[in-house]
Number of protein chains: 2
Amino acid sequence: MPEKFHLTGFMLYSPAPHTQLSWVYPPEKIRHPWHSIRYWEEIAQTLERGCFDMFFFADGWAGGGEVGTRYAIQFPTHDPVTLVSRLSGVTKHLGFAVTMSTSFYAPYMTARKLSTLDHITEGRIGWNVVNSLNTGEARNFGMEELLPHDERYDRADEYMEVCNQLWNSWEPDAVKMDMKNRIFADPDKVHRIDFKGKYFKCMGPLNVIPGPQRKPVIFQAGASPRGREFAVRHSECIFGVGGSAAGMKEFSDDIAARADAADRDPIKIIWGAQPIVAESESEARERQQEIIERIPIEAGLATMAGHFNLDLTKVDIDMPVSKLPQIDGTRGMLDIYTRDGADPTLKEIARSYLNLAAGNLVGTPEQVADVLQGLIEEGGGNGFQLTPAWYAPDYYRDIVDLLIPELQRRDCVRTSYRGQTLRDHLREF
Amino acid sequence: MPEKFHLTGFMLYSPAPHTQLSWVYPPEKIRHPWHSIRYWEEIAQTLERGCFDMFFFADGWAGGGEVGTRYAIQFPTHDPVTLVSRLSGVTKHLGFAVTMSTSFYAPYMTARKLSTLDHITEGRIGWNVVNSLNTGEARNFGMEELLPHDERYDRADEYMEVCNQLWNSWEPDAVKMDMKNRIFADPDKVHRIDFKGKYFKCMGPLNVIPGPQRKPVIFQAGASPRGREFAVRHSECIFGVGGSAAGMKEFSDDIAARADAADRDPIKIIWGAQPIVAESESEARERQQEIIERIPIEAGLATMAGHFNLDLTKVDIDMPVSKLPQIDGTRGMLDIYTRDGADPTLKEIARSYLNLAAGNLVGTPEQVADVLQGLIEEGGGNGFQLTPAWYAPDYYRDIVDLLIPELQRRDCVRTSYRGQTLRDHLREF
């Protein structure tokens, strides 16, 4: 029997997530516009119908400019932390994970919002820890630049320490709700933390009682050596770049070795993937072609500019991608273009950048299921994070109607939920 | 025909809002504990059944200590910004207002979260602007103290300017969603703000498209002269302290004169009130007595300590309240105790502090409706913010079953919603 794998659905709360211009769609087929709450509720309900582990939200605090605005390149991006609360009301089992940046949220605010969400979602919340990298984002918060890469991680280590202390500031049996003696909680079991570090000071206690999970499930996507060190220290699940079994194998072996050396339980790895599934292979290939042709080169370049913090007015688009600055979590996105010593220019990969379908996940449900199974068998890891290539409610509907039944027949994914919380789902197999 | 007035429901996302120990209730009558989402959904649906304008959330970023933890004195307090998103899913008309502090949220974050909520709630969101005053809160954010009172307002003026510029950074017709020409938005109609002030820098544009209200309804509770100046400059609705028609009249006349001098449209005023309504007067009086007797003096003192930023280990509880530091928005809470030259000690008012029912809003629906109508006729202003005195789902159920029909018979309040947005509700009469 094959090992089961996890499935998560990727989105930005935006007109288009990764794939540029994926908001373009025949108007008569658009049931709800992207900014309508029904659009998001429908996606969440579809993912739950497919027994996905969770609905994941990336995030960003800037964007715009001439190209970014015209094509909606990861812009606008509404606030996902506010959204998932609402989506938990139309689902019962599906987990949710939100990206919150250690650069823009104070630790007390992050700890409080996530603990509150743990209550509201009844234990279905996760946190994708990011440190942010983009100068545009910094400038919306009154900063000129963010800290250098490795120092951002030192600061983030301390940030996690503050959050963990806040989440532990209430002992598990502190709350009494004793009506007879009029004791809400035992003051001896609720503690100040009086944290004083290099970057943060915080008194505590947290003003939220422990929720069903006590602390959210922690996700991370560190790719650099320092990033991997951070991820292994703090996270329960890491997002890796899929695409090639060899790249996956290198990554999953390295994470396993690091976890082992740090005496931690094995850490789950979820790979990015963008299957394009249709009844027939030719239909899937046609759709893939349409998607790629729709993307102007400048739109792809704008996405890369955001991810690699490039000023396109100053960058040579004939530059080989090996020269791009090392930026955590996105650098790895280039792996699929630089296999076997290849080194294309920015311009050459612009149209397909982040369209992970550029890989071989295009075809019938059987064909795509074969590839997914093979990738896990050869590359290791524990599942896939899917990212839509077109109007997301329909993209996920097709995945759930076509691909999921095939994966369920192969006993690769769950056919019903067993646990209550997001952590239960991720630990189920 | 009497002028209609507005009704709003006050809460903290906490075991007990203003009235100390109001979480104590016969266990067999508790349908949902305060931290369960159903508790909040039920309150929201009850307020909507009563055609309230909105559900209002105060907020706080600290609390605890020996007494605060034992009795749950405005502690714990979960995050209301996350909650209202969920509550909008079980209501269609009810507005929501959240308190967000200019001391702890960066302006870009506030503007973004509120614009996102404007989309999620479909135009039903408001913002209660507070500057925070509490040292405990500051210490959870790495600060030793907050700015002095008047400088907090100077900073807040600039904060509002940043938010307003962000909310205007998208021209009304900027978004095209032009599928044929693949234009999401017109880049010439989405603007950076490049704000550089004394306290804030922000580049913009906001990464949220304009929602149904474009900007949230702005609420404020300034009581000091500088606070009133701020409120008249920025808000559409002010919370005032009710209780005595004379105090209300002074306040509403002053706000009207200030609005007139500033050439602003009249600003709505909503008065705090805590009616205790029952089928018979004796039943209501009995209930009032129970509430007051339940409150230990130390619990009332702890509430005052939080509101007036007092360190109780250093304060003489026999001090007359006239000696309390001038703190905006709460100072006025003492008005009902200092009428006609009275000057009780902290200890003397501890049990009744913030239990506005200490006034004369206790009795049958007819008696309470008489008082409310009289207060508006003599004191001016535009409505009441009710604050529960016991288990909130039942408190509001009683208000909606007993008091609202009486007010509706008198044509004092709406019998159905006419508008779509919170701003529509507040402008309806």
# chains A, B, ... in the order shown; residues from 1 in each chain; ligands from 1
call {"tool": "closest_atom_pairs", "arguments": {"of": "chain B", "to": "chain A", "cutoff": "7 Å", "atoms": "only C-alpha atoms", "output": "Markdown table"}}
result
| residue | atom | partner | partner_atom | distance |
| --- | --- | --- | --- | --- |
| B:Val24 | CA | A:Met179 | CA | 5.4 |
| B:Tyr25 | CA | A:Met179 | CA | 6.8 |
| B:Ile37 | CA | A:Ile120 | CA | 5.8 |
| B:Ala62 | CA | A:Asn207 | CA | 6.1 |
| B:Gly63 | CA | A:Asn207 | CA | 6.8 |
| B:Gly65 | CA | A:Pro187 | CA | 6.9 |
| B:Glu66 | CA | A:Pro187 | CA | 5.2 |
| B:Thr69 | CA | A:Pro187 | CA | 5.4 |
| B:Arg70 | CA | A:Ala185 | CA | 5.0 |
| B:Tyr71 | CA | A:Phe184 | CA | 5.3 |
| B:Ala72 | CA | A:Phe184 | CA | 5.8 |
| B:Phe75 | CA | A:Asn207 | CA | 6.3 |
| B:Pro76 | CA | A:Asn207 | CA | 4.4 |
| B:Thr77 | CA | A:Asn207 | CA | 5.4 |
| B:His78 | CA | A:Val208 | CA | 5.3 |
| B:Asp79 | CA | A:Lys113 | CA | 5.9 |
| B:Thr82 | CA | A:Thr82 | CA | 5.4 |
| B:Leu83 | CA | A:Ser85 | CA | 6.8 |
| B:Ser85 | CA | A:Arg86 | CA | 5.2 |
| B:Arg86 | CA | A:Arg86 | CA | 4.0 |
| B:Gly89 | CA | A:Arg86 | CA | 6.5 |
| B:Ala106 | CA | A:Phe141 | CA | 6.9 |
| B:Tyr108 | CA | A:Asn140 | CA | 6.5 |
| B:Arg112 | CA | A:Asp79 | CA | 6.7 |
| B:Lys113 | CA | A:Asp79 | CA | 5.9 |
| B:Thr116 | CA | A:His78 | CA | 5.7 |
| B:Ile120 | CA | A:Ile37 | CA | 5.8 |
| B:Arg139 | CA | A:Met203 | CA | 5.6 |
| B:Asn140 | CA | A:Cys202 | CA | 4.4 |
| B:Phe141 | CA | A:Cys202 | CA | 5.9 |
| B:Gly142 | CA | A:Lys201 | CA | 4.3 |
| B:Met179 | CA | A:Val24 | CA | 5.4 |
| B:Arg182 | CA | A:Val24 | CA | 6.7 |
| B:Ile183 | CA | A:Arg70 | CA | 5.3 |
| B:Phe184 | CA | A:Arg70 | CA | 5.3 |
| B:Ala185 | CA | A:Arg70 | CA | 5.0 |
| B:Asp186 | CA | A:Arg70 | CA | 5.9 |
| B:Pro187 | CA | A:Glu66 | CA | 5.2 |
| B:Phe200 | CA | A:Gly142 | CA | 6.2 |
| B:Lys201 | CA | A:Gly142 | CA | 4.3 |
| B:Cys202 | CA | A:Asn140 | CA | 4.4 |
| B:Met203 | CA | A:Asn140 | CA | 5.0 |
| B:Gly204 | CA | A:Asn140 | CA | 6.0 |
| B:Asn207 | CA | A:Pro76 | CA | 4.3 |
| B:Val208 | CA | A:His78 | CA | 5.3 |
| B:Ile209 | CA | A:Pro76 | CA | 6.8 |
call {"tool": "residues_around", "arguments": {"residues": "A:Glu293", "least_positions_apart": "5", "cutoff": "12 Å", "atoms": "only C-alpha atoms", "output": "PyMOL selection string"}}
result
chain A and resi 20-22+286-288+299-300+350-352+355
call {"tool": "write_last_selection", "arguments": {"atoms": "N, CA and C atoms", "output": "PDB file, in the first residue's frame"}}
result
ATOM      1  N   GLN A  20       0.364  34.270 -13.535  1.00  0.00           N
ATOM      2  CA  GLN A  20       0.019  35.601 -14.011  1.00  0.00           C
ATOM      3  C   GLN A  20      -1.209  35.556 -14.917  1.00  0.00           C
ATOM      4  N   LEU A  21      -2.065  36.545 -14.746  1.00  0.00           N
ATOM      5  CA  LEU A  21      -3.273  36.703 -15.545  1.00  0.00           C
ATOM      6  C   LEU A  21      -4.256  35.539 -15.423  1.00  0.00           C
ATOM      7  N   SER A  22      -4.123  34.762 -14.378  1.00  0.00           N
ATOM      8  CA  SER A  22      -5.100  33.675 -14.224  1.00  0.00           C
ATOM      9  C   SER A  22      -6.478  34.215 -13.863  1.00  0.00           C
ATOM     10  N   GLU A 286      -3.661  21.677 -24.459  1.00  0.00           N
ATOM     11  CA  GLU A 286      -4.193  22.907 -25.064  1.00  0.00           C
ATOM     12  C   GLU A 286      -4.361  23.995 -24.009  1.00  0.00           C
ATOM     13  N   ARG A 287      -4.897  23.594 -22.909  1.00  0.00           N
ATOM     14  CA  ARG A 287      -5.123  24.548 -21.826  1.00  0.00           C
ATOM     15  C   ARG A 287      -3.786  25.117 -21.315  1.00  0.00           C
ATOM     16  N   GLN A 288      -2.812  24.249 -21.200  1.00  0.00           N
ATOM     17  CA  GLN A 288      -1.491  24.709 -20.763  1.00  0.00           C
ATOM     18  C   GLN A 288      -0.931  25.745 -21.741  1.00  0.00           C
ATOM     19  N   ALA A 299       4.739  40.773 -17.564  1.00  0.00           N
ATOM     20  CA  ALA A 299       3.997  40.335 -16.379  1.00  0.00           C
ATOM     21  C   ALA A 299       4.808  39.303 -15.598  1.00  0.00           C
ATOM     22  N   GLY A 300       5.443  38.391 -16.331  1.00  0.00           N
ATOM     23  CA  GLY A 300       6.302  37.415 -15.667  1.00  0.00           C
ATOM     24  C   GLY A 300       7.477  38.082 -14.988  1.00  0.00           C
ATOM     25  N   ALA A 350      10.458  34.216 -18.163  1.00  0.00           N
ATOM     26  CA  ALA A 350       9.437  35.111 -17.614  1.00  0.00           C
ATOM     27  C   ALA A 350       8.023  34.556 -17.772  1.00  0.00           C
ATOM     28  N   ARG A 351       7.706  34.027 -18.942  1.00  0.00           N
ATOM     29  CA  ARG A 351       6.332  33.575 -19.161  1.00  0.00           C
ATOM     30  C   ARG A 351       5.975  32.357 -18.316  1.00  0.00           C
ATOM     31  N   SER A 352       6.955  31.558 -18.037  1.00  0.00           N
ATOM     32  CA  SER A 352       6.620  30.335 -17.299  1.00  0.00           C
ATOM     33  C   SER A 352       6.994  30.416 -15.824  1.00  0.00           C
ATOM     34  N   ASN A 355       4.690  29.228 -13.054  1.00  0.00           N
ATOM     35  CA  ASN A 355       3.673  28.336 -13.605  1.00  0.00           C
ATOM     36  C   ASN A 355       4.275  26.950 -13.553  1.00  0.00           C
TER      37      ASN A 355
END
call {"tool": "select_by_dssp", "arguments": {"residues": "stretch 114-216 of chain B", "states": "strand (DSSP E or B)", "output": "list in words"}}
result
Ile125, Gly126, Trp127, Asn128, Val129, Val130, Trp170, Val175, Lys176, Met177, Asp178, Ile183, Phe184, Ala185, Val190, Phe195, Lys196, Lys201 and Cys202 of chain B
call {"tool": "residues_around", "arguments": {"residues": "B:Thr415", "least_positions_apart": "5", "cutoff": "8 Å", "atoms": "only C-alpha atoms", "output": "JSON, numbers by chain"}}
result
{"B": [50, 51, 408]}
call {"tool": "closest_residue", "arguments": {"among": "B:Ile349, B:Ile267, B:Val362, B:Leu301", "to": "B:Arg285", "atoms": "only C-alpha atoms"}}
result
B:Val362
call {"tool": "select_by_dssp", "arguments": {"residues": "stretch 145-201 of chain A", "states": "alpha helix (DSSP H)", "output": "PyMOL selection string"}}
result
chain A and resi 149-167
